[in-house]
Amino acid sequence: MNKLLYLLGSLLASSLPFSHPQSSSQESRSCFQAPGASSPAHSFVSTTAVVGRDNGVSNNNAALYIENFHFLLKSVASYDQTLNVIDFGAKPGGEIDSLEAFLAAWESACSTTTPSTIYVPQGRFLLGKVVFKGSYDYCKSNGITIKIDGALVAPSNYDVMGNDGNWLLFDDVNGVSIIGGVLDGQGNGLWECKRSGKTNCPMGATNLGFTNSKNIVINGVTSLNSQMYHIVIDRSNNVKVQGVRVSAAGNSPNTDGIHVQLSSFVTILASNIATGDDCISIGPGTTNLWIENIACGPGHGISVGSLGKEFEEAGVENVTVKTVTFTGTENGVRIKSWGRPSNGFARDILFQHATMIHVQNPIVIDQNYCPDENGCPGQVSGVKISNVMYEDIHGTSASEVAVRLNCSPRNPCHEITFQDVKLTYDENNNKQAQASCIHAQGITSGFVQPNGCF
């Protein structure tokens, strides 16, 4: 948009037979700076201000220039179209399903290459399961922003979505941004069903999913009470998640905050996650992942894995997790793999600047993951774990064993580094924490407590 305005101003200025007094090349280059930066007046504004002066421009020409200027302004105004879902029939009362209205707005945005904003005003908008499809066959646009000032609400009856797996799914899209708003999955009923031990509870649905997509932004979104995972990034590239808030009960089952798998160049920044499972889970095939400035708790911490469930499985590498505060979580930073054969791996991982506040298991590698002792008893993990660094990890452990590395006897963990780690047991009594390390090889640097692994 700024580029278009700059070209508009330059075009109009060049069409007039005079030059601006005291102008400079520096000013012309700085006409459109980032928001908040000081800048001179836009060139096309100063142009209109001098029309009609004694500058050799006839009144007819002046009128023509003004007419052209207004035409160009109209072109700019239509450059980024805004589509209000109310205009497509959406009802903000939270009782009438607005699915068709949202799909109509999406189709309108997709019908042109012009960037569009789909606007959701204040109010609660009931939506059933919806798939926003991309690819050029369905969507010509590579620039759709969904700006939400209100809330999207899932059906309260969990049987409506049942085993669908996703509530709001974007498939094969490019250049989609979701800004603000609340996504309320109303998952409480399904959680109660699962906690009761009933065997006929449906799987449930993820609040927000992106699959086979690229150039995605999720900014300022609040995800509430998802039936299952809150946000899933699957088989996608160049994704930025920032300023997200995730909220679900600490005993809500399978409600991972953000799950990433089979994706590259994903960034997760400045987010607050409180849920009943992993705050962030990192699945197979995740590469070049950056996580920074996260508040986690309640929840199960930040986990690489579980890995190695399948024998043929893509590995995880080049992951950075830094500046995270874990409060009352089951785990802090964890790597876990199934205790069964696999050709998977996890390598080149950095955990840095983490604060643990009464965390049950601050540092964990568990290569004997076998829930319900089903499909893996008596086997060992084939996942290879290497080049993992723990730097500046400090705080309190709610259990005596603050560091627990339980690696595979067939593929011991190697190139593990502890640098400047200080964990104490029991925040009240400041007791000495312990470390337990099996089949792990590595080094320590700086002050490390608890020590004894290497």
# chains A, B, ... in the order shown; residues from 1 in each chain; ligands from 1
>>> residues_around(residues="region 410-424 of chain A", least_positions_apart="4", cutoff="8 Å", atoms="only C-alpha atoms", output="PyMOL selection string")
chain A and resi 380-397+402+430-433+439-450
>>> residues_around(residues="Asp87 (chain A)", least_positions_apart="2", cutoff="12 Å", atoms="only C-alpha atoms", output="list in words")
Thr82, Leu83, Asn84, Val85, Gly89, Ala90, Lys91, Pro92, Ser98, Glu100, Ala101, Phe102, Ala104, Ala105, Ser108, Ile118, Tyr119, Val120 and Pro121 of chain A
>>> write_last_selection(atoms="C-alpha atoms", output="compact mmCIF listing (two decimals), in the first residue's frame")
# COMPACT_ATOMS: atom_id res chain seq x y z
CA THR A 82 -12.55 -4.52 3.23
CA LEU A 83 -15.24 -7.16 3.45
CA ASN A 84 -17.43 -6.97 6.56
CA VAL A 85 -18.94 -10.37 7.36
CA GLY A 89 -25.25 -12.16 6.38
CA ALA A 90 -23.26 -13.02 9.52
CA LYS A 91 -25.23 -12.70 12.77
CA PRO A 92 -23.36 -11.49 15.88
CA SER A 98 -22.70 -17.70 10.28
CA GLU A 100 -22.18 -19.44 4.92
CA ALA A 101 -21.52 -15.73 5.44
CA PHE A 102 -17.87 -16.32 6.33
CA ALA A 104 -19.03 -16.00 1.05
CA ALA A 105 -16.64 -13.34 2.37
CA SER A 108 -15.14 -12.76 -2.46
CA ILE A 118 -12.22 -9.75 5.98
CA TYR A 119 -13.52 -7.83 8.97
CA VAL A 120 -15.29 -9.45 11.92
CA PRO A 121 -16.80 -6.72 14.13
>>> residues_around(residues="region 167-181 of chain A", least_positions_apart="6", cutoff="7 Å", atoms="only C-alpha atoms", output="PyMOL selection string")
chain A and resi 129-135+142-151+205-222
>>> residues_around(residues="Val403 (chain A)", least_positions_apart="2", cutoff="6 Å", atoms="only C-alpha atoms", output="number ranges by chain")
A: 363, 401, 435
>>> select_by_dssp(residues="region 112-196 of chain A", states="alpha helix (DSSP H)", output="list in words")
Ser135, Tyr136, Asp137, Tyr138, Asn188, Gly189, Leu190, Trp191, Glu192, Cys193, Lys194 and Arg195 of chain A
>>> write_last_selection(atoms="N, CA, C and O atoms", output="short mmCIF file (atom, residue, chain, number, x, y, z; two decimals), in the first residue's frame")
data_model
loop_
_atom_site.label_atom_id
_atom_site.label_comp_id
_atom_site.auth_asym_id
_atom_site.auth_seq_id
_atom_site.Cartn_x
_atom_site.Cartn_y
_atom_site.Cartn_z
N SER A 135 -4.95 -22.42 -2.78
CA SER A 135 -4.47 -22.85 -4.10
C SER A 135 -5.15 -22.01 -5.15
O SER A 135 -6.28 -21.52 -4.96
N TYR A 136 -4.48 -21.84 -6.28
CA TYR A 136 -5.00 -20.91 -7.28
C TYR A 136 -6.33 -21.37 -7.86
O TYR A 136 -7.12 -20.57 -8.34
N ASP A 137 -6.62 -22.67 -7.78
CA ASP A 137 -7.90 -23.17 -8.28
C ASP A 137 -9.07 -22.60 -7.47
O ASP A 137 -10.17 -22.43 -7.98
N TYR A 138 -8.80 -22.32 -6.19
CA TYR A 138 -9.85 -21.83 -5.32
C TYR A 138 -9.68 -20.37 -4.93
O TYR A 138 -10.65 -19.68 -4.65
N ASN A 188 -15.35 -27.51 27.07
CA ASN A 188 -15.53 -28.04 28.42
C ASN A 188 -16.31 -29.34 28.46
O ASN A 188 -15.98 -30.27 29.21
N GLY A 189 -17.37 -29.42 27.66
CA GLY A 189 -18.21 -30.62 27.66
C GLY A 189 -17.43 -31.84 27.22
O GLY A 189 -17.57 -32.93 27.82
N LEU A 190 -16.62 -31.71 26.18
CA LEU A 190 -15.84 -32.85 25.71
C LEU A 190 -14.78 -33.24 26.73
O LEU A 190 -14.51 -34.43 26.93
N TRP A 191 -14.16 -32.26 27.38
CA TRP A 191 -13.17 -32.59 28.42
C TRP A 191 -13.81 -33.45 29.50
O TRP A 191 -13.23 -34.45 29.95
N GLU A 192 -15.01 -33.06 29.93
CA GLU A 192 -15.69 -33.81 30.98
C GLU A 192 -15.99 -35.24 30.53
O GLU A 192 -15.85 -36.19 31.31
N CYS A 193 -16.38 -35.40 29.27
CA CYS A 193 -16.63 -36.73 28.72
C CYS A 193 -15.37 -37.58 28.79
O CYS A 193 -15.38 -38.73 29.26
N LYS A 194 -14.25 -37.02 28.36
CA LYS A 194 -12.99 -37.77 28.35
C LYS A 194 -12.50 -38.08 29.76
O LYS A 194 -12.00 -39.18 30.03
N ARG A 195 -12.65 -37.13 30.67
CA ARG A 195 -12.18 -37.35 32.04
C ARG A 195 -13.04 -38.38 32.78
O ARG A 195 -12.60 -39.02 33.73
#
>>> residues_around(residues="Asp80 (chain A)", least_positions_apart="5", cutoff="9 Å", atoms="only C-alpha atoms", output="MDAnalysis selection string")
chainID A and resid 1 114:117
>>> residues_around(residues="Gly276 (chain A)", least_positions_apart="4", cutoff="8 Å", atoms="only C-alpha atoms", output="NGL selection string")
:A and (248-256 or 298-300)
>>> closest_residue(among="A:Ile357, A:Val364, A:Ile438, A:Val316", to="Asn343 (chain A)", atoms="only C-alpha atoms")
A:Val316
>>> select_by_dssp(residues="region 290-356 of chain A", states="strand (DSSP E or B)", output="PyMOL selection string")
chain A and resi 290-296+302-307+316-327+331-338+345-356
>>> residues_around(residues="Gly257 (chain A)", least_positions_apart="4", cutoff="8 Å", atoms="only C-alpha atoms", output="list in words")
Tyr229, His230, Ile231, Val246, Ile273, Ala274, Thr275, Asp277, Asp278, Cys279, Ile280 and Ser281 of chain A
>>> write_last_selection(atoms="all heavy atoms", output="PDB file, in the first residue's frame")
ATOM      1  N   TYR A 229      -6.169 -29.608  20.382  1.00  0.00           N
ATOM      2  CA  TYR A 229      -5.105 -28.617  20.223  1.00  0.00           C
ATOM      3  C   TYR A 229      -5.719 -27.245  19.931  1.00  0.00           C
ATOM      4  O   TYR A 229      -6.753 -27.131  19.290  1.00  0.00           O
ATOM      5  CB  TYR A 229      -4.183 -28.997  19.066  1.00  0.00           C
ATOM      6  CG  TYR A 229      -3.384 -30.265  19.252  1.00  0.00           C
ATOM      7  CD1 TYR A 229      -3.503 -31.057  20.381  1.00  0.00           C
ATOM      8  CD2 TYR A 229      -2.503 -30.678  18.262  1.00  0.00           C
ATOM      9  CE1 TYR A 229      -2.755 -32.214  20.536  1.00  0.00           C
ATOM     10  CE2 TYR A 229      -1.754 -31.833  18.407  1.00  0.00           C
ATOM     11  CZ  TYR A 229      -1.890 -32.610  19.543  1.00  0.00           C
ATOM     12  OH  TYR A 229      -1.156 -33.752  19.688  1.00  0.00           O
ATOM     13  N   HIS A 230      -5.009 -26.211  20.374  1.00  0.00           N
ATOM     14  CA  HIS A 230      -5.486 -24.859  20.107  1.00  0.00           C
ATOM     15  C   HIS A 230      -5.078 -24.380  18.718  1.00  0.00           C
ATOM     16  O   HIS A 230      -5.906 -23.930  17.945  1.00  0.00           O
ATOM     17  CB  HIS A 230      -4.955 -23.900  21.177  1.00  0.00           C
ATOM     18  CG  HIS A 230      -5.668 -24.040  22.485  1.00  0.00           C
ATOM     19  ND1 HIS A 230      -6.667 -23.182  22.885  1.00  0.00           N
ATOM     20  CD2 HIS A 230      -5.524 -24.944  23.482  1.00  0.00           C
ATOM     21  CE1 HIS A 230      -7.122 -23.549  24.075  1.00  0.00           C
ATOM     22  NE2 HIS A 230      -6.437 -24.615  24.466  1.00  0.00           N
ATOM     23  N   ILE A 231      -3.785 -24.446  18.412  1.00  0.00           N
ATOM     24  CA  ILE A 231      -3.275 -23.982  17.118  1.00  0.00           C
ATOM     25  C   ILE A 231      -2.324 -25.035  16.577  1.00  0.00           C
ATOM     26  O   ILE A 231      -1.416 -25.489  17.287  1.00  0.00           O
ATOM     27  CB  ILE A 231      -2.537 -22.631  17.261  1.00  0.00           C
ATOM     28  CG1 ILE A 231      -3.492 -21.539  17.769  1.00  0.00           C
ATOM     29  CG2 ILE A 231      -1.907 -22.208  15.929  1.00  0.00           C
ATOM     30  CD1 ILE A 231      -2.800 -20.225  18.125  1.00  0.00           C
ATOM     31  N   VAL A 246      -3.317 -18.352  24.922  1.00  0.00           N
ATOM     32  CA  VAL A 246      -4.023 -19.629  24.938  1.00  0.00           C
ATOM     33  C   VAL A 246      -4.498 -19.877  26.360  1.00  0.00           C
ATOM     34  O   VAL A 246      -3.725 -19.762  27.314  1.00  0.00           O
ATOM     35  CB  VAL A 246      -3.108 -20.779  24.477  1.00  0.00           C
ATOM     36  CG1 VAL A 246      -3.757 -22.131  24.744  1.00  0.00           C
ATOM     37  CG2 VAL A 246      -2.779 -20.627  22.993  1.00  0.00           C
ATOM     38  N   ILE A 273       0.683 -18.929  27.388  1.00  0.00           N
ATOM     39  CA  ILE A 273      -0.019 -20.185  27.146  1.00  0.00           C
ATOM     40  C   ILE A 273      -0.298 -20.884  28.475  1.00  0.00           C
ATOM     41  O   ILE A 273       0.620 -21.200  29.231  1.00  0.00           O
ATOM     42  CB  ILE A 273       0.798 -21.109  26.226  1.00  0.00           C
ATOM     43  CG1 ILE A 273       1.104 -20.380  24.907  1.00  0.00           C
ATOM     44  CG2 ILE A 273       0.048 -22.410  25.970  1.00  0.00           C
ATOM     45  CD1 ILE A 273       2.057 -21.131  23.998  1.00  0.00           C
ATOM     46  N   ALA A 274      -1.574 -21.122  28.747  1.00  0.00           N
ATOM     47  CA  ALA A 274      -2.009 -21.838  29.940  1.00  0.00           C
ATOM     48  C   ALA A 274      -3.000 -22.900  29.490  1.00  0.00           C
ATOM     49  O   ALA A 274      -4.075 -22.579  28.973  1.00  0.00           O
ATOM     50  CB  ALA A 274      -2.660 -20.877  30.939  1.00  0.00           C
ATOM     51  N   THR A 275      -2.649 -24.172  29.679  1.00  0.00           N
ATOM     52  CA  THR A 275      -3.480 -25.218  29.112  1.00  0.00           C
ATOM     53  C   THR A 275      -3.264 -26.528  29.872  1.00  0.00           C
ATOM     54  O   THR A 275      -2.563 -26.571  30.883  1.00  0.00           O
ATOM     55  CB  THR A 275      -3.174 -25.370  27.602  1.00  0.00           C
ATOM     56  OG1 THR A 275      -4.128 -26.223  26.996  1.00  0.00           O
ATOM     57  CG2 THR A 275      -1.768 -25.891  27.368  1.00  0.00           C
ATOM     58  N   ASP A 277      -2.102 -29.478  28.448  1.00  0.00           N
ATOM     59  CA  ASP A 277      -1.101 -30.356  27.839  1.00  0.00           C
ATOM     60  C   ASP A 277       0.124 -29.511  27.536  1.00  0.00           C
ATOM     61  O   ASP A 277       0.366 -28.504  28.194  1.00  0.00           O
ATOM     62  CB  ASP A 277      -1.670 -31.045  26.593  1.00  0.00           C
ATOM     63  CG  ASP A 277      -1.069 -32.426  26.356  1.00  0.00           C
ATOM     64  OD1 ASP A 277       0.167 -32.513  26.219  1.00  0.00           O
ATOM     65  OD2 ASP A 277      -1.823 -33.423  26.324  1.00  0.00           O
ATOM     66  N   ASP A 278       0.918 -29.890  26.532  1.00  0.00           N
ATOM     67  CA  ASP A 278       2.109 -29.112  26.218  1.00  0.00           C
ATOM     68  C   ASP A 278       1.738 -27.678  25.838  1.00  0.00           C
ATOM     69  O   ASP A 278       0.817 -27.453  25.051  1.00  0.00           O
ATOM     70  CB  ASP A 278       2.862 -29.738  25.044  1.00  0.00           C
ATOM     71  CG  ASP A 278       3.464 -31.087  25.390  1.00  0.00           C
ATOM     72  OD1 ASP A 278       3.792 -31.316  26.572  1.00  0.00           O
ATOM     73  OD2 ASP A 278       3.614 -31.919  24.477  1.00  0.00           O
ATOM     74  N   CYS A 279       2.489 -26.717  26.385  1.00  0.00           N
ATOM     75  CA  CYS A 279       2.291 -25.335  25.939  1.00  0.00           C
ATOM     76  C   CYS A 279       2.637 -25.226  24.461  1.00  0.00           C
ATOM     77  O   CYS A 279       1.889 -24.635  23.676  1.00  0.00           O
ATOM     78  CB  CYS A 279       3.158 -24.386  26.762  1.00  0.00           C
ATOM     79  SG  CYS A 279       2.632 -24.231  28.484  1.00  0.00           S
ATOM     80  N   ILE A 280       3.786 -25.785  24.094  1.00  0.00           N
ATOM     81  CA  ILE A 280       4.180 -25.893  22.684  1.00  0.00           C
ATOM     82  C   ILE A 280       4.727 -27.295  22.465  1.00  0.00           C
ATOM     83  O   ILE A 280       5.581 -27.755  23.228  1.00  0.00           O
ATOM     84  CB  ILE A 280       5.245 -24.839  22.309  1.00  0.00           C
ATOM     85  CG1 ILE A 280       4.715 -23.423  22.540  1.00  0.00           C
ATOM     86  CG2 ILE A 280       5.684 -25.013  20.853  1.00  0.00           C
ATOM     87  CD1 ILE A 280       5.755 -22.330  22.320  1.00  0.00           C
ATOM     88  N   SER A 281       4.238 -27.968  21.448  1.00  0.00           N
ATOM     89  CA  SER A 281       4.745 -29.299  21.102  1.00  0.00           C
ATOM     90  C   SER A 281       5.333 -29.260  19.701  1.00  0.00           C
ATOM     91  O   SER A 281       4.769 -28.642  18.794  1.00  0.00           O
ATOM     92  CB  SER A 281       3.649 -30.362  21.207  1.00  0.00           C
ATOM     93  OG  SER A 281       2.505 -30.011  20.453  1.00  0.00           O
TER      94      SER A 281
END
